[in-house]
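S.K.: Mind having a look at this structure? Questions to follow.
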Amino acid sequence: MRLLLDLGNTRLKWWALDAGRRLGEGAVAWTGSVAEHLAAEWAGLPEPEAVFGASVVDSEREQLVDAQVRRRGGAATVWVRSPAEACGVRSAYADPSRLGVDRFLAMVAAHADGRSPCVLVGVGTALTLDALGGDGRHLGGLIAPGPQLMQHSLLGATVQVRPERPGEVAVLADNTADAVASGCWGACAALVERFVAQVEPMLGSGSTLLFGGGDAPLLRELVARPGELVVDGVLRGLAVWSGTALPPAADD
């Protein structure tokens, strides 16, 4: 069995895979009791022969997770860092290590699944956009606050903007809560549309638009271009990178 770990800004997600079968999967928010949760979730799993992790968080949280891995009796976690080139994908960054490993692995998964050329949109704490050519060449990308973070930033920097409830997205809002939500989600949708329009001529015909991350479903509905949802793109890319057999796509 191989254990794959995706340490994101908001939560940790994991897969336990064995010869293309998914033995287990789960997620836990960093605000929860991570060590206790993982100990309970992993109790019934076989001892992992190898553990691979992708992390965008601090070393303290990496060490916390690795300590739980070691308590299972398996090997220490192999932390994947963004390389200049791997699995047919070539980074556009002059310093490849500065490209978030979540973005790199999402491109690896898309390329391995035959979805390049494409634009990848990651919708979480941050909004990330990356252009990937059909030959696996990363053309570059953008980073902005995600729609939820954008709303929190606005509320933290203003005195009068204090919605009484979470807002809903509307074309024309008639209250502060909906106005904040609509403005922030609309700004993210507009950035995606602008980015796609600018990079499409570089990607050529047949490019696809892929959305991943916890807030991807809603943003995809707001973007005035057809796009596909990608579930667990980082874990899929991590499986490709580590040579771990993936379960059939129908099981995802």
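In the structure tokens, chains take letters A, B, ... by order of appearance, with residues numbered from 1 within each chain and ligands from 1 in the order shown.
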Taking 5 positions as the minimum chain separation for residues in the same chain, which residues sit within 10 Å of range 67-84 of chain A when counting only C-alpha atoms? Answer as number ranges by chain.

M.R.: A: 2-5, 34-36, 38-39, 42-43, 45-56, 61-62, 89-105, 238, 241-242

S.K.: With only C-alpha atoms as the basis for distance, which of A:Val65, A:Ala224, A:Met202, A:Leu218 is at the shortest distance from Gly133 in chain A?

M.R.: A:Met202

S.K.: With distances taken over only C-alpha atoms, which residue among A:Ala106, A:Ala170, A:Leu155, A:Ala190 lies nearest Val231 in chain A?

M.R.: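 Closest to Val231 in chain A of all the choices is A:Ala106.
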
S.K.: Tell me which of A:Ala86, A:Ala40, A:Leu154, A:Ala177 sits closest to Val240 in chain A, counting only C-alpha atoms.

M.R.: A:Ala86

S.K.: Just the residues within 12 Å of Val192 in chain A, please, counting only C-alpha atoms, with nothing from its chain fewer than 4 positions along; format it as a VMD selection string.

M.R.: chain A and resid 119 to 123 127 to 131 141 to 144 146 185 to 188 196 to 200 209 to 211 216 219 to 220 222 to 227

S.K.: Which residue out of A:Leu139, A:Leu203, A:Leu12, A:Ala112 has the minimum interatomic distance to Gly243 in chain A when only C-alpha atoms are used?

M.R.: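 Nearest candidate to Gly243 in chain A out of A:Leu139, A:Leu203, A:Leu12, A:Ala112: A:Ala112.
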
S.K.: A:Val180, A:Leu7, A:Met1, A:Ala173: which is nearest Gly20 in chain A, counting only C-alpha atoms?

M.R.: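 Closest to Gly20 in chain A of all the choices is A:Met1.
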
S.K.: Which residues come within 6 Å of range 164-169 of chain A, counting only C-alpha atoms, excluding same-chain residues fewer than 3 positions away, as a list in words?

M.R.: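 Everything that qualifies: Ala177, Asp178, Ala181 and Ser182 of chain A.
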
S.K.: Might you pull out every residue within 9 Å of Ala110 in chain A, with only C-alpha atoms counted and same-chain residues fewer than 4 positions away left off, and present them as an MDAnalysis selection string?

M.R.: chainID A and resid 105:106 114:118 120 132 210 230 233 236:237

S.K.: For the selection just defined, write its residues with N, CA, C and O atoms to a file, as a compact mmCIF listing (two decimals), in the first residue's frame.

M.R.:
# COMPACT_ATOMS: atom_id res chain seq x y z
N LEU A 105 1.75 19.68 -9.50
CA LEU A 105 1.14 18.34 -9.55
C LEU A 105 -0.21 18.36 -10.25
O LEU A 105 -0.57 17.37 -10.92
N ALA A 106 -0.95 19.45 -10.14
CA ALA A 106 -2.20 19.55 -10.88
C ALA A 106 -1.93 19.53 -12.39
O ALA A 106 -2.69 18.93 -13.17
N GLY A 114 -4.21 13.46 -20.47
CA GLY A 114 -4.45 13.86 -21.85
C GLY A 114 -5.31 15.10 -21.99
O GLY A 114 -5.97 15.28 -23.02
N ARG A 115 -5.28 15.98 -20.97
CA ARG A 115 -6.11 17.17 -21.00
C ARG A 115 -5.36 18.43 -21.40
O ARG A 115 -5.95 19.52 -21.39
N SER A 116 -4.09 18.35 -21.71
CA SER A 116 -3.36 19.52 -22.17
C SER A 116 -3.43 19.55 -23.71
O SER A 116 -3.50 18.48 -24.34
N PRO A 117 -3.46 20.78 -24.30
CA PRO A 117 -3.29 22.09 -23.67
C PRO A 117 -4.51 22.48 -22.85
O PRO A 117 -5.64 22.12 -23.18
N CYS A 118 -4.24 23.25 -21.77
CA CYS A 118 -5.34 23.63 -20.90
C CYS A 118 -4.96 24.83 -20.04
O CYS A 118 -3.79 25.18 -19.91
N LEU A 120 -5.53 25.73 -16.08
CA LEU A 120 -5.92 25.14 -14.81
C LEU A 120 -6.23 26.25 -13.82
O LEU A 120 -5.43 27.17 -13.63
N LEU A 132 -0.94 25.55 -19.56
CA LEU A 132 -0.12 24.38 -19.86
C LEU A 132 -0.28 24.00 -21.31
O LEU A 132 -1.39 23.73 -21.78
N LEU A 210 -9.96 23.85 -16.87
CA LEU A 210 -10.12 22.89 -15.78
C LEU A 210 -10.18 23.61 -14.44
O LEU A 210 -9.34 24.46 -14.15
N VAL A 230 -12.22 19.11 -11.90
CA VAL A 230 -11.22 18.07 -11.65
C VAL A 230 -11.20 17.80 -10.15
O VAL A 230 -10.97 18.71 -9.35
N GLY A 233 -7.03 16.76 -8.02
CA GLY A 233 -5.97 16.88 -9.01
C GLY A 233 -4.58 16.75 -8.42
O GLY A 233 -3.68 16.17 -9.04
N ARG A 236 -3.94 13.08 -7.63
CA ARG A 236 -3.74 12.34 -8.89
C ARG A 236 -2.34 12.62 -9.45
O ARG A 236 -1.65 11.71 -9.92
N GLY A 237 -1.93 13.89 -9.40
CA GLY A 237 -0.58 14.22 -9.86
C GLY A 237 0.49 13.58 -9.00
O GLY A 237 1.53 13.14 -9.50
